[in-house]
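Colleague: Just run.pdb, nothing more (PDB, C-alpha atoms):
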ATOM      1  CA  MET A 166     -56.617 -26.425 236.540
ATOM      2  CA  ASP A 167     -54.439 -28.591 234.239
ATOM      3  CA  ASP A 168     -56.392 -31.699 235.263
ATOM      4  CA  GLU A 169     -59.653 -29.986 234.405
ATOM      5  CA  GLN A 170     -58.338 -28.720 231.011
ATOM      6  CA  PRO A 171     -55.637 -31.195 229.894
ATOM      7  CA  ASP A 172     -55.312 -29.601 226.424
ATOM      8  CA  VAL A 173     -54.669 -26.139 227.845
ATOM      9  CA  LEU A 174     -51.106 -25.089 228.540
ATOM     10  CA  THR A 175     -49.818 -22.559 230.961
ATOM     11  CA  ILE A 176     -46.900 -20.463 229.775
ATOM     12  CA  GLY A 177     -44.603 -22.676 231.871
ATOM     13  CA  ARG A 178     -45.844 -25.845 230.161
ATOM     14  CA  LEU A 179     -45.583 -24.141 226.763
ATOM     15  CA  ALA A 180     -41.992 -23.286 227.575
ATOM     16  CA  HIS A 181     -41.353 -26.914 228.528
ATOM     17  CA  ARG A 182     -42.960 -28.192 225.301
ATOM     18  CA  THR A 183     -41.065 -25.816 223.024
ATOM     19  CA  GLY A 184     -37.746 -25.557 224.849
ATOM     20  CA  LEU A 185     -37.921 -21.764 224.947
ATOM     21  CA  PRO A 186     -37.527 -19.570 228.028
ATOM     22  CA  VAL A 187     -40.709 -18.269 229.644
ATOM     23  CA  ARG A 188     -39.328 -14.752 229.307
ATOM     24  CA  THR A 189     -39.096 -15.120 225.496
ATOM     25  CA  LEU A 190     -42.626 -16.524 225.231
ATOM     26  CA  ARG A 191     -43.996 -13.748 227.408
ATOM     27  CA  PHE A 192     -42.307 -11.134 225.189
ATOM     28  CA  TRP A 193     -43.666 -12.743 222.013
ATOM     29  CA  SER A 194     -47.073 -12.889 223.607
ATOM     30  CA  ASP A 195     -46.982  -9.219 224.602
ATOM     31  CA  GLU A 196     -45.998  -8.302 221.017
ATOM     32  CA  GLY A 197     -48.921 -10.269 219.589
ATOM     33  CA  ALA A 198     -46.893 -12.993 217.898
ATOM     34  CA  VAL A 199     -48.123 -15.779 220.220
ATOM     35  CA  PRO A 200     -51.254 -14.456 221.927
ATOM     36  CA  PRO A 201     -52.899 -16.583 224.636
ATOM     37  CA  VAL A 202     -56.084 -18.392 223.657
ATOM     38  CA  ALA A 203     -57.641 -17.690 227.047
ATOM     39  CA  ARG A 204     -57.018 -16.519 230.584
ATOM     40  CA  SER A 205     -57.404 -18.498 233.760
ATOM     41  CA  ALA A 206     -59.633 -17.347 236.590
ATOM     42  CA  GLY A 207     -56.487 -15.926 238.152
ATOM     43  CA  GLY A 208     -55.606 -14.010 234.963
ATOM     44  CA  TYR A 209     -52.807 -16.317 233.843
ATOM     45  CA  ARG A 210     -52.205 -16.816 230.113
ATOM     46  CA  LEU A 211     -53.374 -20.084 228.629
ATOM     47  CA  TYR A 212     -52.317 -21.692 225.349
ATOM     48  CA  ASP A 213     -53.306 -24.739 223.317
ATOM     49  CA  ALA A 214     -51.760 -27.214 220.834
ATOM     50  CA  GLU A 215     -52.017 -24.700 217.996
ATOM     51  CA  SER A 216     -49.986 -22.293 220.104
ATOM     52  CA  VAL A 217     -47.146 -24.814 220.082
ATOM     53  CA  ALA A 218     -47.157 -24.862 216.265
ATOM     54  CA  ARG A 219     -47.329 -21.051 216.230
ATOM     55  CA  VAL A 220     -44.322 -20.815 218.526
ATOM     56  CA  GLU A 221     -42.351 -23.106 216.190
ATOM     57  CA  LEU A 222     -43.231 -20.908 213.223
ATOM     58  CA  VAL A 223     -42.254 -17.748 215.078
ATOM     59  CA  ARG A 224     -38.973 -19.332 216.145
ATOM     60  CA  THR A 225     -38.205 -20.388 212.552
ATOM     61  CA  LEU A 226     -38.916 -16.929 211.170
ATOM     62  CA  ARG A 227     -36.885 -15.251 213.906
ATOM     63  CA  GLU A 228     -33.911 -17.576 213.247
ATOM     64  CA  LEU A 229     -34.093 -16.531 209.596
ATOM     65  CA  GLY A 230     -33.679 -12.923 210.682
ATOM     66  CA  LEU A 231     -37.234 -11.589 210.490
ATOM     67  CA  GLY A 232     -38.232  -8.970 213.010
ATOM     68  CA  LEU A 233     -41.304  -9.476 215.177
ATOM     69  CA  ASP A 234     -43.221  -6.856 213.196
ATOM     70  CA  ASP A 235     -42.760  -8.889 210.025
ATOM     71  CA  VAL A 236     -43.592 -12.103 211.888
ATOM     72  CA  CYS A 237     -46.855 -10.615 213.140
ATOM     73  CA  ARG A 238     -47.735  -9.408 209.635
ATOM     74  CA  VAL A 239     -47.245 -12.940 208.310
ATOM     75  CA  LEU A 240     -49.243 -14.540 211.105
ATOM     76  CA  SER A 241     -52.105 -12.072 210.714
ATOM     77  CA  GLY A 242     -52.322 -12.733 206.968
ATOM     78  CA  ARG A 243     -51.368  -9.179 205.977
ATOM     79  CA  THR A 244     -48.446 -10.581 203.950
ATOM     80  CA  THR A 245     -47.019 -13.947 202.990
ATOM     81  CA  VAL A 246     -43.849 -15.696 204.060
ATOM     82  CA  ALA A 247     -42.682 -15.599 200.428
ATOM     83  CA  GLU A 248     -43.100 -11.828 200.183
ATOM     84  CA  VAL A 249     -41.265 -11.184 203.435
ATOM     85  CA  ALA A 250     -38.556 -13.684 202.473
ATOM     86  CA  ASP A 251     -37.993 -11.907 199.159
ATOM     87  CA  ALA A 252     -37.554  -8.565 200.929
ATOM     88  CA  HIS A 253     -35.130 -10.108 203.400
ATOM     89  CA  VAL A 254     -33.096 -11.735 200.628
ATOM     90  CA  THR A 255     -32.605  -8.270 199.118
ATOM     91  CA  ALA A 256     -31.611  -6.854 202.499
ATOM     92  CA  LEU A 257     -29.245  -9.749 203.185
ATOM     93  CA  ASP A 258     -27.610  -9.342 199.761
ATOM     94  CA  ALA A 259     -26.918  -5.692 200.569
ATOM     95  CA  GLN A 260     -25.561  -6.665 203.983
ATOM     96  CA  ILE A 261     -23.334  -9.348 202.446
ATOM     97  CA  ARG A 262     -21.937  -6.860 199.930
ATOM     98  CA  SER A 263     -21.230  -4.433 202.739
ATOM     99  CA  LEU A 264     -19.523  -7.156 204.773
ATOM    100  CA  LYS A 265     -17.348  -8.106 201.796
ATOM    101  CA  VAL A 266     -16.240  -4.496 201.457
ATOM    102  CA  SER A 267     -15.530  -4.302 205.193
ATOM    103  CA  ARG A 268     -13.537  -7.511 205.002
ATOM    104  CA  ALA A 269     -11.498  -6.183 202.069
ATOM    105  CA  VAL A 270     -10.716  -2.933 203.885
ATOM    106  CA  LEU A 271      -9.731  -4.700 207.099
ATOM    107  CA  SER A 272      -7.645  -7.241 205.181
ATOM    108  CA  THR A 273      -5.780  -4.456 203.390
ATOM    109  CA  VAL A 274      -5.280  -2.548 206.655
ATOM    110  CA  ALA A 275      -3.870  -5.674 208.304
ATOM    111  CA  LYS A 276      -1.474  -6.393 205.419
ATOM    112  CA  ARG A 277      -0.212  -2.817 205.161
ATOM    113  CA  GLY A 278      -0.201  -1.925 208.851
ATOM    114  CA  SER A 279      -2.170   1.180 207.895
ATOM    115  CA  THR A 280      -2.595   4.272 210.018
ATOM    116  CA  VAL A 281      -5.986   5.579 211.136
ATOM    117  CA  GLU A 282      -5.929   8.175 208.349
ATOM    118  CA  GLU A 283      -5.083   5.575 205.706
ATOM    119  CA  THR A 284      -7.798   3.278 207.019
ATOM    120  CA  THR A 285     -10.365   6.074 206.790
ATOM    121  CA  LEU A 286      -9.375   6.819 203.193
ATOM    122  CA  MET A 287      -9.486   3.153 202.148
ATOM    123  CA  ASN A 288     -12.896   2.708 203.715
ATOM    124  CA  ARG A 289     -14.216   5.754 201.854
ATOM    125  CA  LEU A 290     -12.781   4.568 198.535
ATOM    126  CA  ALA A 291     -14.234   1.101 199.020
ATOM    127  CA  ARG A 292     -17.747   2.438 199.639
ATOM    128  CA  LEU A 293     -17.959   4.865 196.732
ATOM    129  CA  SER A 294     -21.027   4.613 194.548
ATOM    130  CA  ALA A 295     -20.739   3.352 190.960
ATOM    131  CA  ALA A 296     -21.072   6.941 189.702
ATOM    132  CA  GLU A 297     -18.296   8.142 192.031
ATOM    133  CA  ARG A 298     -16.020   5.293 190.955
ATOM    134  CA  LYS A 299     -16.673   6.126 187.299
ATOM    135  CA  GLN A 300     -15.806   9.771 187.918
ATOM    136  CA  ILE A 301     -12.420   8.789 189.381
ATOM    137  CA  ILE A 302     -11.640   6.641 186.329
ATOM    138  CA  ASP A 303     -12.883   9.293 183.872
ATOM    139  CA  GLU A 304     -10.648  11.939 185.471
ATOM    140  CA  PHE A 305      -7.724   9.525 185.337
ATOM    141  CA  LYS A 306      -8.359   8.775 181.647
ATOM    142  CA  GLU A 307      -8.493  12.464 180.791
ATOM    143  CA  ASP A 308      -5.197  13.197 182.560
ATOM    144  CA  VAL A 309      -3.346  10.223 181.067
ATOM    145  CA  PHE A 310      -4.826   9.913 177.581
ATOM    146  CA  GLY A 311      -6.591  13.204 176.858
ATOM    147  CA  GLY A 312      -5.471  15.146 173.776
ATOM    148  CA  LEU A 313      -3.317  12.385 172.278
ATOM    149  CA  ASP A 314      -3.595  12.488 168.493
ATOM    150  CA  ASP A 315      -4.211   8.816 167.719
ATOM    151  CA  PRO A 316      -7.682   7.780 166.440
ATOM    152  CA  ARG A 317      -7.195   4.148 167.460
ATOM    153  CA  LEU A 318      -6.187   5.143 170.975
ATOM    154  CA  ARG A 319      -9.153   7.519 171.256
ATOM    155  CA  ASP A 320     -11.560   4.772 170.187
ATOM    156  CA  ARG A 321     -10.038   2.356 172.675
ATOM    157  CA  ILE A 322     -10.117   4.827 175.559
ATOM    158  CA  ARG A 323     -13.699   5.866 174.795
ATOM    159  CA  THR A 324     -14.893   2.353 175.616
ATOM    160  CA  TYR A 325     -12.292   1.736 178.315
ATOM    161  CA  SER A 326     -13.863   1.136 181.707
ATOM    162  CA  ILE A 327     -12.846  -0.278 185.071
ATOM    163  CA  GLU A 328     -16.024  -1.311 186.832
ATOM    164  CA  LEU A 329     -16.307  -2.972 190.213
ATOM    165  CA  PRO A 330     -19.213  -5.473 190.169
ATOM    166  CA  ASP A 331     -22.235  -4.888 192.405
ATOM    167  CA  ASP A 332     -21.285  -8.063 194.250
ATOM    168  CA  PRO A 333     -17.471  -8.011 194.250
ATOM    169  CA  THR A 334     -15.309 -10.739 195.672
ATOM    170  CA  PRO A 335     -13.006  -9.729 198.538
ATOM    171  CA  GLU A 336     -10.114  -9.893 196.053
ATOM    172  CA  GLN A 337     -11.868  -7.497 193.658
ATOM    173  CA  ALA A 338     -12.745  -5.068 196.439
ATOM    174  CA  ASP A 339      -9.167  -5.171 197.735
ATOM    175  CA  ALA A 340      -7.815  -4.541 194.222
ATOM    176  CA  TRP A 341     -10.225  -1.619 193.739
ATOM    177  CA  ILE A 342      -9.008   0.055 196.945
ATOM    178  CA  GLU A 343      -5.404  -0.155 195.753
ATOM    179  CA  LEU A 344      -6.260   0.892 192.203
ATOM    180  CA  ALA A 345      -8.344   3.874 193.330
ATOM    181  CA  GLU A 346      -5.466   5.093 195.485
ATOM    182  CA  LEU A 347      -3.062   4.642 192.581
ATOM    183  CA  VAL A 348      -5.041   6.417 189.840
ATOM    184  CA  ARG A 349      -5.786   9.364 192.146
ATOM    185  CA  ASP A 350      -2.037   9.931 192.654
ATOM    186  CA  PRO A 351      -0.927  12.915 190.485
ATOM    187  CA  GLY A 352       2.600  11.523 190.332
ATOM    188  CA  PHE A 353       1.413   8.200 188.931
ATOM    189  CA  ARG A 354      -0.800   9.978 186.394
ATOM    190  CA  ALA A 355       2.140  12.100 185.229
ATOM    191  CA  ARG A 356       4.454   9.092 184.886
ATOM    192  CA  LEU A 357       1.858   7.082 183.008
ATOM    193  CA  ARG A 358       1.159  10.062 180.748
ATOM    194  CA  THR A 359       4.861  10.259 179.865
ATOM    195  CA  TRP A 360       4.935   6.549 179.080
ATOM    196  CA  THR A 361       1.742   6.811 177.003
ATOM    197  CA  GLU A 362       3.121   9.695 174.962
ATOM    198  CA  LEU A 363       6.267   7.696 174.185
ATOM    199  CA  ASN A 364       4.105   4.844 172.897
ATOM    200  CA  THR A 365       1.613   6.918 170.899
ATOM    201  CA  PRO A 366       2.261   7.201 167.133
ATOM    202  CA  VAL A 367       3.087  10.642 165.804
ATOM    203  CA  PRO A 368       0.866  11.557 162.828
ATOM    204  CA  GLY A 369       2.536  10.477 159.615
ATOM    205  CA  GLN A 370       5.038   8.200 161.370
ATOM    206  CA  GLY A 371       5.037   4.530 162.286
ATOM    207  CA  HIS A 372       4.366   2.952 165.629
ATOM    208  CA  PRO A 373       7.051   3.802 168.241
ATOM    209  CA  PRO A 374       9.520   0.893 168.490
ATOM    210  CA  GLY A 375       9.134   0.446 172.246
ATOM    211  CA  ALA A 376       5.348   0.222 172.271
ATOM    212  CA  SER A 377       5.245  -3.457 171.282
ATOM    213  CA  ILE A 378       6.917  -4.475 174.550
ATOM    214  CA  TRP A 379       3.785  -3.689 176.521
ATOM    215  CA  TRP A 380       1.275  -5.345 174.212
ATOM    216  CA  ALA A 381       3.139  -8.424 172.915
ATOM    217  CA  ARG A 382       3.390 -10.930 175.743
ATOM    218  CA  GLN A 383       5.643 -13.181 173.637
ATOM    219  CA  ILE A 384       8.428 -10.706 174.295
ATOM    220  CA  VAL A 385       8.035 -11.288 178.011
ATOM    221  CA  GLN A 386       7.844 -15.052 177.481
ATOM    222  CA  THR A 387      11.033 -15.022 175.429
ATOM    223  CA  VAL A 388      12.878 -13.123 178.153
ATOM    224  CA  ALA A 389      11.443 -15.439 180.819
ATOM    225  CA  GLU A 390      12.862 -18.481 179.028
ATOM    226  CA  ILE A 391      16.334 -16.905 178.845
ATOM    227  CA  ARG A 392      16.191 -15.950 182.525
ATOM    228  CA  LYS A 393      15.072 -19.455 183.436
ATOM    229  CA  GLY A 394      18.164 -20.786 181.677
ATOM    230  CA  GLY A 395      20.340 -18.456 183.711
ATOM    231  CA  GLY A 396      21.285 -16.132 180.862
ATOM    232  CA  PRO A 397      22.594 -12.762 182.136
ATOM    233  CA  PRO A 398      21.390  -9.544 180.480
ATOM    234  CA  GLU A 399      25.007  -8.741 179.553
ATOM    235  CA  GLY A 400      25.652 -12.105 177.876
ATOM    236  CA  PRO A 401      25.717 -13.163 174.208
ATOM    237  CA  ALA A 402      22.334 -14.885 174.460
ATOM    238  CA  ALA A 403      20.775 -11.569 175.503
ATOM    239  CA  ALA A 404      22.346  -9.828 172.499
ATOM    240  CA  GLU A 405      20.822 -12.448 170.194
ATOM    241  CA  VAL A 406      17.415 -11.961 171.770
ATOM    242  CA  LEU A 407      17.600  -8.203 171.287
ATOM    243  CA  SER A 408      18.358  -8.688 167.606
ATOM    244  CA  GLU A 409      15.523 -11.172 167.285
ATOM    245  CA  LEU A 410      13.012  -8.930 169.071
ATOM    246  CA  PHE A 411      13.921  -5.499 167.753
ATOM    247  CA  GLY A 412      16.023  -5.968 164.625
ATOM    248  CA  ASP A 413      17.361  -2.602 163.486
ATOM    249  CA  ALA A 414      14.809  -0.576 165.487
ATOM    250  CA  ASP A 415      16.021   2.444 167.431
ATOM    251  CA  ARG A 416      17.014   0.736 170.663
ATOM    252  CA  VAL A 417      17.493   4.025 172.456
ATOM    253  CA  ALA A 418      13.811   4.735 171.854
ATOM    254  CA  VAL A 419      12.926   1.204 172.897
ATOM    255  CA  LEU A 420      14.851   1.596 176.152
ATOM    256  CA  ARG A 421      13.334   5.018 176.814
ATOM    257  CA  SER A 422       9.823   3.581 176.471
ATOM    258  CA  LEU A 423      10.685   0.557 178.576
ATOM    259  CA  GLU A 424      12.201   2.611 181.394
ATOM    260  CA  ALA A 425       9.228   4.982 181.388
ATOM    261  CA  GLY A 426       6.832   2.049 181.773
ATOM    262  CA  ILE A 427       8.863   0.516 184.572
ATOM    263  CA  GLU A 428       9.105   3.842 186.391
ATOM    264  CA  ALA A 429       5.360   4.416 185.987
ATOM    265  CA  GLY A 430       4.513   0.974 187.349
ATOM    266  CA  ALA A 431       2.510   0.116 184.213
ATOM    267  CA  GLU A 432       2.761  -3.624 184.884
ATOM    268  CA  HIS A 433       1.371  -3.260 188.417
ATOM    269  CA  TYR A 434      -1.436  -1.070 187.086
ATOM    270  CA  ARG A 435      -2.293  -3.656 184.411
ATOM    271  CA  ARG A 436      -2.560  -6.439 186.982
ATOM    272  CA  LEU A 437      -4.708  -4.350 189.335
ATOM    273  CA  VAL A 438      -7.159  -3.600 186.517
ATOM    274  CA  ALA A 439      -7.403  -7.313 185.704
ATOM    275  CA  ARG A 440      -8.058  -8.169 189.347
ATOM    276  CA  VAL A 441     -10.832  -5.566 189.659
ATOM    277  CA  ARG A 442     -12.451  -6.998 186.536
ATOM    278  CA  GLY A 443     -12.178 -10.523 187.906
ATOM    279  CA  GLN A 444      -9.958 -11.593 185.015
ATOM    280  CA  ASP A 445      -7.088 -14.040 185.092
ATOM    281  CA  SER A 446      -4.147 -11.756 184.504
ATOM    282  CA  SER A 447      -0.859 -13.018 183.124
ATOM    283  CA  PRO A 448       1.992 -13.373 185.648
ATOM    284  CA  ASP A 449       3.810 -10.281 186.876
ATOM    285  CA  ALA A 450       6.399  -9.472 184.207
ATOM    286  CA  THR A 451       8.245  -6.749 186.136
ATOM    287  CA  GLU A 452      11.429  -8.802 186.550
ATOM    288  CA  GLU A 453      11.465  -9.744 182.852
ATOM    289  CA  LEU A 454      11.038  -6.117 181.830
ATOM    290  CA  GLU A 455      13.808  -4.991 184.166
ATOM    291  CA  TRP A 456      16.085  -7.733 182.748
ATOM    292  CA  LEU A 457      15.305  -6.504 179.238
ATOM    293  CA  ALA A 458      16.138  -2.925 180.229
ATOM    294  CA  ARG A 459      19.519  -4.043 181.618
ATOM    295  CA  ALA A 460      20.188  -5.950 178.398
ATOM    296  CA  LEU A 461      19.434  -2.882 176.303
ATOM    297  CA  ARG A 462      21.706  -0.719 178.466
ATOM    298  CA  ALA A 463      24.498  -3.298 178.197
ATOM    299  CA  ALA A 464      24.130  -3.447 174.419
ATOM    300  CA  ASP A 465      24.288   0.342 174.203
ATOM    301  CA  GLN A 466      27.646   0.339 176.008
ATOM    302  CA  THR A 467      29.293  -2.162 173.688
TER
END
Take the structure in the file and write it out as structure tokens.

Modeller:
Amino acid sequence: MDDEQPDVLTIGRLAHRTGLPVRTLRFWSDEGAVPPVARSAGGYRLYDAESVARVELVRTLRELGLGLDDVCRVLSGRTTVAEVADAHVTALDAQIRSLKVSRAVLSTVAKRGSTVEETTLMNRLARLSAAERKQIIDEFKEDVFGGLDDPRLRDRIRTYSIELPDDPTPEQADAWIELAELVRDPGFRARLRTWTELNTPVPGQGHPPGASIWWARQIVQTVAEIRKGGGPPEGPAAAEVLSELFGDADRVAVLRSLEAGIEAGAEHYRRLVARVRGQDSSPDATEELEWLARALRAADQT
């Protein structure tokens, strides 16, 4: 038969030419992706040179992730490769985002040694919709900042948002999981509320003396330089720094604000927010703030 029709290929010869298993070609043929061009007298499928090119196209599209239904639609002219490719890019983007979230959850589970219950909660938090994430942050804002009588604070909080991008990095997704757990904790909200109240101006009075610690990074830098030089919080250099930073301000109030922020974990919260936003946050200043608190306590005892 092959000698009589040298340009006609049996399914075995087509398999040899394309390097694909006969079983795969038979399946594609049954699904209509690579139909035979004819049948032999014995009913065997026959293919030609164009079938070889068609097999290569089907293989390419399948390797790119297209299902046979889509492949057949392309080959029949009911759609174009470009149209199907565009739809698959959208689907792949969604799959990639989902995989990034899964990776972040698993990475966090591995680092924490989480229980099954904790893993379930983290997975749920990671997969919240944008509206659900916004609701968590809005409830947090209301608990921590609601009702404070400071127009500037109200304006700042009104526009304050913590949004996870549609295509977050694993680091952003991991930070969101931790942040969502943190801001949903009633204890954290209460501690941060206490700290916020201590740093919110009372109508008719000036700014609380301890508030500047959390907004002026030069204070942290000054303390970091002293610590780098080995200066103890009880030493004379620390006393000079306190005078330079706070002058004749009420240091008891300064210490009260500082301790409230440390207890609340305000520095950790600040860094988590920066990570979710994809921003380069300044280094963790917890040790500098704790050094400053010890210096203020030491000064109060002298």

Colleague: Could you give me, as a tab-separated table, every stretch 293-382 of chain A residue with an atom at most 12 Å from stretch 419-440 of chain A, plus its closest atom pair and distance in Å to one decimal, counting all atoms listed in the file, rows ordered by chain then number?

Modeller:
residue	atom	partner	partner_atom	distance
A:Ile302	CA	A:Val438	CA	11.2
A:Val309	CA	A:Ala429	CA	11.6
A:Tyr325	CA	A:Val438	CA	11.0
A:Ser326	CA	A:Val438	CA	9.5
A:Ile327	CA	A:Val438	CA	6.7
A:Glu328	CA	A:Val438	CA	9.2
A:Leu329	CA	A:Arg440	CA	9.8
A:Pro330	CA	A:Arg440	CA	11.5
A:Pro333	CA	A:Arg440	CA	10.6
A:Thr334	CA	A:Arg440	CA	10.0
A:Pro335	CA	A:Arg440	CA	10.6
A:Glu336	CA	A:Arg440	CA	7.2
A:Gln337	CA	A:Arg440	CA	5.8
A:Ala338	CA	A:Arg440	CA	9.0
A:Asp339	CA	A:Arg440	CA	9.0
A:Ala340	CA	A:Leu437	CA	5.8
A:Trp341	CA	A:Leu437	CA	7.6
A:Ile342	CA	A:Leu437	CA	9.8
A:Glu343	CA	A:Leu437	CA	7.7
A:Leu344	CA	A:Leu437	CA	6.2
A:Ala345	CA	A:Leu437	CA	9.8
A:Glu346	CA	A:Tyr434	CA	11.2
A:Leu347	CA	A:Tyr434	CA	8.1
A:Val348	CA	A:Tyr434	CA	8.8
A:Asp350	CA	A:Ala429	CA	11.4
A:Pro351	CA	A:Ala429	CA	11.5
A:Gly352	CA	A:Ala429	CA	8.8
A:Phe353	CA	A:Ala429	CA	6.2
A:Arg354	CA	A:Ala429	CA	8.3
A:Ala355	CA	A:Ala429	CA	8.4
A:Arg356	CA	A:Ala429	CA	4.9
A:Leu357	CA	A:Ala429	CA	5.3
A:Arg358	CA	A:Ala429	CA	8.8
A:Thr359	CA	A:Ala425	CA	7.0
A:Trp360	CA	A:Ala425	CA	5.1
A:Thr361	CA	A:Gly426	CA	8.4
A:Glu362	CA	A:Ser422	CA	9.2
A:Leu363	CA	A:Ser422	CA	5.9
A:Asn364	CA	A:Ser422	CA	6.9
A:Thr365	CA	A:Ser422	CA	10.5
A:His372	CA	A:Val419	CA	11.4
A:Pro373	CA	A:Val419	CA	7.9
A:Pro374	CA	A:Val419	CA	5.6
A:Gly375	CA	A:Val419	CA	3.9
A:Ala376	CA	A:Ser422	CA	7.0
A:Ser377	CA	A:Val419	CA	9.1
A:Ile378	CA	A:Leu423	CA	7.5
A:Trp379	CA	A:Gly426	CA	8.4
A:Trp380	CA	A:Glu432	CA	10.9
A:Arg382	CA	A:Glu432	CA	11.7

Colleague: Atom CA of A:Pro397 and atom CA of A:Ala464, how far apart in Å?

Modeller: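 Between atom CA of A:Ala464 and atom CA of A:Pro397 the gap is 12.2 Å.
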
Colleague: Between atom CA of A:Arg238 and atom CA of A:Leu190, what is the distance in Å, rounded to a tenth?

Modeller: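 Here the two named atoms are 17.9 Å from each other.
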
Colleague: Kindly resolve the PyMOL selection byres ((chain A and resi 176) around 9) on the present coordinates and return the residues as a ChimeraX atom specification.

Modeller: /A:174-175,177-181,187,190-191,201,209-212

Colleague: Report the distance between atom CA of A:Leu293 and atom CA of A:Ala269 in Å, rounded to one decimal place.

Modeller: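 Straight-line distance from atom CA of A:Leu293 to atom CA of A:Ala269 works out to 13.9 Å.
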
Colleague: Which residues are close to A:Thr387, i.e. within 12 Å by all atoms listed in the file, leaving aside same-chain residues fewer than 3 positions away? Reply as a list of chain:residue names.

Modeller: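 Answer for this query is A:Ile378, A:Ala381, A:Arg382, A:Gln383, A:Ile384, A:Glu390, A:Ile391, A:Arg392, A:Lys393, A:Gly394, A:Gly396, A:Ala402, A:Ala403, A:Glu405, A:Val406, A:Leu407, A:Glu409, A:Leu410, A:Ala450, A:Glu453, A:Leu454, A:Trp456, A:Leu457.
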
Colleague: With all atoms listed in the file as the basis for distance, which of A:Gln300, A:Ser216, A:Ser267, A:Thr189 is at the shortest distance from A:Thr284?

Modeller: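 Result for the nearest residue to A:Thr284: A:Ser267.
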
Colleague: So which residues touch stretch 314-322 of chain A within 9 Å, counting only C-alpha atoms, skipping near sequence neighbours fewer than 2 positions away, as a list in words?

Modeller: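 Counting only C-alpha atoms, the residues come to Lys306, Phe310, Gly311, Gly312, Thr324, Tyr325, Ser326, Thr365, Pro366, Val367 and Pro368 of chain A.
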